[in-house]
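> One structure, pasted below without further comment.
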Amino acid sequence: MTKEMIISSNGHETVVAILEDDLVAEIFVERERHRGVVGNVYKGRVSKVLPGMQSSFIDIGLERDGFLYVAEVIDALEEFEKLAGPDEDDGSAKGGHKNKDEDRQRQQAKIEDLLKEGQEILVQVVKEPLGTKGARLTSHVTMPGRFLVFMPTVDHIGVSRKIESRDERARLRGIVREFREQHGFTGGVIIRTAAGGRPKEDIVSDLSYFHKVWTEIRQKSESSRAPAVVYREQSLVAKLLRDLLTEEFNAIRIDNEQEHRRVLELVERIMPSLAPKVRL
């Protein structure tokens, strides 16, 4: 079967078609004007604390203030384990139990003790604003890569439960540990199912990307005045390349020079063997 990705972009709208044997199998459309804010990270300012609802309003520079629940400020470890599953052999089992106890104590924490009006806070949008409701926010930033998920607000390494081989789990965890030590790179990493059996370079590629993006976010946070966007979620094309690209593709054709440069740069990073198949 021949498989191609066709990308047509005019700056206002991007259309992506997946062709299988010259027939359209799937089509995706993104309009720049309607591009959502889910996944974006903002340096926000607490505009109102609501003890009765155990939540707060955060000004992130959109039309309406975003909404942050108390659980989205304190439950980082629980969120991490929900995504990865607890990892009994990652060398942090004892730490995990300790942190769980801490978490239980912190569950008693009240929003008015955690946040004050005027305070600056880094948040990510998890739900688009709708009607009169502002965006739903979390303070636990999550960034999916091709083989890993990065969670900068926790400090654990988790492995997808679906990677069952103990040796493979240990190998992958070792790659992540080594990178973290070499680069003084903190933050949690979840190793996705897709990472199973992949060469070290693929895993390091994701880690390098996270390292770069998180460094940029921190720099922007320090130099920007709240409210400010410090990271924009990847475009439709970047997400499709991240999630769909395999060696099966015979060509990736693009009709826009700027988009072509961006795609080529991304493919060279995530699947360099396919770079020659990216055509303008």
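We name chains A, B, ... following the order of the structure tokens; residues begin at 1 in each chain, and ligands are numbered from 1 as shown.
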Return as number ranges by chain the full set of residues in region 33-276 of chain A whose backbone-based DSSP assignment is helix (DSSP H, G or I).

A: 33-34, 51-53, 71-74, 76-84, 93-106, 111-114, 166-183, 193-195, 200-223, 236-244, 257-270, 272-276

> Please provide as a CSV table (one decimal) with N, CA and C atoms, in the first residue's frame all residues within 7 Å of region 233-246 of chain A, with the sequence filter that same-chain residues fewer than 4 positions apart are discarded (counting only C-alpha atoms).


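Saved to selection.csv:
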chain,number,residue,atom,x,y,z
A,30,GLU,N,-7.5,22.8,10.1
A,30,GLU,CA,-7.3,23.7,11.2
A,30,GLU,C,-7.3,25.1,10.7
A,39,GLY,N,-3.8,23.2,25.8
A,39,GLY,CA,-2.4,22.9,25.7
A,39,GLY,C,-1.4,24.0,25.9
A,40,ASN,N,-2.0,25.3,25.6
A,40,ASN,CA,-1.1,26.5,25.8
A,40,ASN,C,-0.8,26.6,27.3
A,146,ARG,N,6.6,12.1,21.1
A,146,ARG,CA,6.4,10.9,20.3
A,146,ARG,C,6.4,9.6,21.1

> Looking at A:His211, A:Ser55, A:Ala275, A:Gly196, which one is nearest to Arg166 (chain A), with distances taken over only C-alpha atoms?

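Residue with the minimum atom-to-atom distance to Arg166 (chain A): A:Gly196.
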
> Hey, can you check how far CA of Met1 (chain A) sits from CA of Val16 (chain A)?

19.1 Å

> From the list A:Ala17, A:Asp167, A:Gly66, A:Leu115, which residue is nearest Lys127 (chain A) when using only C-alpha atoms?

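Closest residue, counting only C-alpha atoms: A:Gly66.
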
> Extract, using only C-alpha atoms, all DNA, RNA and protein residues at most 6 Å from region 67-71 of chain A, discarding same-chain residues fewer than 2 positions from it, and format them as a short mmCIF file (atom, residue, chain, number, x, y, z; two decimals) with N, CA, C and O atoms, in the first residue's frame.


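Contents of result_2.cif, as written:
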data_model
loop_
_atom_site.label_atom_id
_atom_site.label_comp_id
_atom_site.auth_asym_id
_atom_site.auth_seq_id
_atom_site.Cartn_x
_atom_site.Cartn_y
_atom_site.Cartn_z
N GLN A 54 -13.63 26.39 46.57
CA GLN A 54 -12.27 25.84 46.56
C GLN A 54 -11.66 25.93 45.15
O GLN A 54 -11.18 24.95 44.58
N SER A 55 -11.73 27.13 44.61
CA SER A 55 -11.19 27.37 43.27
C SER A 55 -10.77 28.83 43.17
O SER A 55 -10.93 29.59 44.12
N SER A 56 -10.20 29.18 42.02
CA SER A 56 -9.78 30.57 41.84
C SER A 56 -9.91 30.96 40.38
O SER A 56 -9.91 30.11 39.49
N PHE A 57 -10.02 32.27 40.16
CA PHE A 57 -10.00 32.80 38.79
C PHE A 57 -8.59 33.29 38.50
O PHE A 57 -7.98 33.97 39.34
N VAL A 73 -4.12 22.26 41.74
CA VAL A 73 -2.92 22.92 42.27
C VAL A 73 -2.08 21.91 43.04
O VAL A 73 -0.86 22.00 43.08
N ILE A 74 -2.73 20.89 43.66
CA ILE A 74 -1.98 20.02 44.58
C ILE A 74 -1.79 18.57 44.17
O ILE A 74 -0.93 17.91 44.71
N ASP A 75 -2.57 18.06 43.22
CA ASP A 75 -2.54 16.61 42.99
C ASP A 75 -1.61 16.14 41.87
O ASP A 75 -1.95 15.27 41.09
N ILE A 111 -7.68 26.25 49.11
CA ILE A 111 -7.26 27.16 48.03
C ILE A 111 -6.75 28.48 48.59
O ILE A 111 -5.77 29.03 48.12
N ARG A 136 -10.72 26.19 31.47
CA ARG A 136 -10.40 25.39 32.66
C ARG A 136 -8.89 25.18 32.68
O ARG A 136 -8.29 24.83 31.66
N LEU A 137 -8.27 25.39 33.85
CA LEU A 137 -6.81 25.39 33.94
C LEU A 137 -6.28 24.32 34.89
O LEU A 137 -7.01 23.80 35.74
#

> For Val126 (chain A), which of A:Arg45, A:Gly36, A:Arg279, A:Val154 is the closest residue, counting only C-alpha atoms?

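Checking each candidate against Val126 (chain A), we get A:Gly36 as the closest.
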
> Just list the residues in region 138-258 of chain A DSSP gives strand (DSSP E or B) on the backbone, as a list in words.

Thr138, Met143, Pro144, Leu148, Val149, Phe150, Met151, Ile157, Gly158, Val159, Gly188, Val189, Ile190, Ile191, Ala228, Val229, Val230, Tyr231, Phe249, Asn250, Ala251, Ile252, Arg253 and Ile254 of chain A

> When you draw a straight line from CA of Ile157 (chain A) to CA of Val189 (chain A), how long is it in Å?

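Computed distance, CA of Ile157 (chain A) to CA of Val189 (chain A), equals 4.9 Å.
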
> To one decimal place, how far is CA of Val141 (chain A) from CA of Val41 (chain A) in Å?

7.5 Å

> Identify, on the basis of only C-alpha atoms, every residue whose closest approach to Gly11 (chain A) does not exceed 12 Å; exclude the query and any residue fewer than 6 positions from it along the same chain; express the result as a VMD selection string.

chain A and resid 30 to 33 255 to 259

> Between A:Ser9, A:Gln119, A:Ser223, A:Ser165, which residue has the minimum interatomic distance to Gly197 (chain A), considering only C-alpha atoms?

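Nearest to Gly197 (chain A): A:Ser165.
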
> Show me, as a list in words, the residues that have an atom within 12 Å of Leu23 (chain A) when counting only C-alpha atoms, minus same-chain residues fewer than 2 positions from it.

Met1, Thr2, Lys3, Glu4, Met5, Ile6, Ala17, Ile18, Leu19, Glu20, Asp21, Ala25, Glu26 and Ile27 of chain A

> Glu222 (chain A): which residues within 10 Å, counting only C-alpha atoms, same-chain residues fewer than 6 positions away excluded, as a VMD selection string?

chain A and resid 43 216 230

> Nearest to Gly61 (chain A): which of A:Ile254, A:His260, A:Lys110, A:Arg225 is it, counting only C-alpha atoms?

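Residue with the minimum atom-to-atom distance to Gly61 (chain A): A:Arg225.
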
> Please determine, counting only C-alpha atoms, which residue among A:Gly174, A:Gly187, A:Pro199, A:Pro51 has the shortest atom-to-atom distance to His156 (chain A).

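Residue with the minimum atom-to-atom distance to His156 (chain A): A:Gly187.
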
> So which residues touch Ile175 (chain A) within 8 Å, counting only C-alpha atoms, skipping near sequence neighbours fewer than 4 positions away, as a VMD selection string?

chain A and resid 171 179 200 203 to 204

> Got time to write the residues from that selection, all heavy atoms, as a tab-separated table (two decimals), in the first residue's frame?


chain	number	residue	atom	x	y	z
A	171	ARG	N	15.75	-0.69	30.58
A	171	ARG	CA	16.57	-0.04	29.54
A	171	ARG	C	16.07	1.39	29.27
A	171	ARG	O	16.85	2.34	29.26
A	171	ARG	CB	16.49	-0.86	28.24
A	171	ARG	CG	17.30	-0.25	27.09
A	171	ARG	CD	17.09	-1.00	25.78
A	171	ARG	NE	15.82	-0.68	25.12
A	171	ARG	CZ	15.67	0.30	24.22
A	171	ARG	NH1	16.70	1.06	23.87
A	171	ARG	NH2	14.49	0.52	23.66
A	179	PHE	N	20.10	10.83	30.70
A	179	PHE	CA	19.90	12.17	30.11
A	179	PHE	C	19.67	13.20	31.21
A	179	PHE	O	20.23	14.30	31.18
A	179	PHE	CB	18.71	12.16	29.14
A	179	PHE	CG	18.51	13.45	28.42
A	179	PHE	CD1	19.10	13.66	27.18
A	179	PHE	CD2	17.75	14.48	28.97
A	179	PHE	CE1	18.93	14.88	26.49
A	179	PHE	CE2	17.58	15.69	28.31
A	179	PHE	CZ	18.17	15.88	27.06
A	200	LYS	N	17.83	4.16	21.32
A	200	LYS	CA	18.12	5.22	22.29
A	200	LYS	C	17.94	6.62	21.68
A	200	LYS	O	17.41	7.52	22.32
A	200	LYS	CB	19.57	5.05	22.78
A	200	LYS	CG	19.99	6.07	23.82
A	200	LYS	CD	21.42	5.83	24.28
A	200	LYS	CE	21.85	6.88	25.30
A	200	LYS	NZ	23.20	6.60	25.83
A	203	ILE	N	14.46	8.14	21.92
A	203	ILE	CA	14.07	8.56	23.27
A	203	ILE	C	14.78	9.88	23.61
A	203	ILE	O	14.18	10.82	24.12
A	203	ILE	CB	14.42	7.47	24.32
A	203	ILE	CG1	13.91	6.08	23.87
A	203	ILE	CG2	13.89	7.84	25.69
A	203	ILE	CD1	12.44	5.97	23.58
A	204	VAL	N	16.08	9.94	23.27
A	204	VAL	CA	16.87	11.14	23.54
A	204	VAL	C	16.35	12.34	22.74
A	204	VAL	O	16.35	13.47	23.21
A	204	VAL	CB	18.37	10.88	23.26
A	204	VAL	CG1	19.18	12.17	23.27
A	204	VAL	CG2	18.93	9.90	24.29
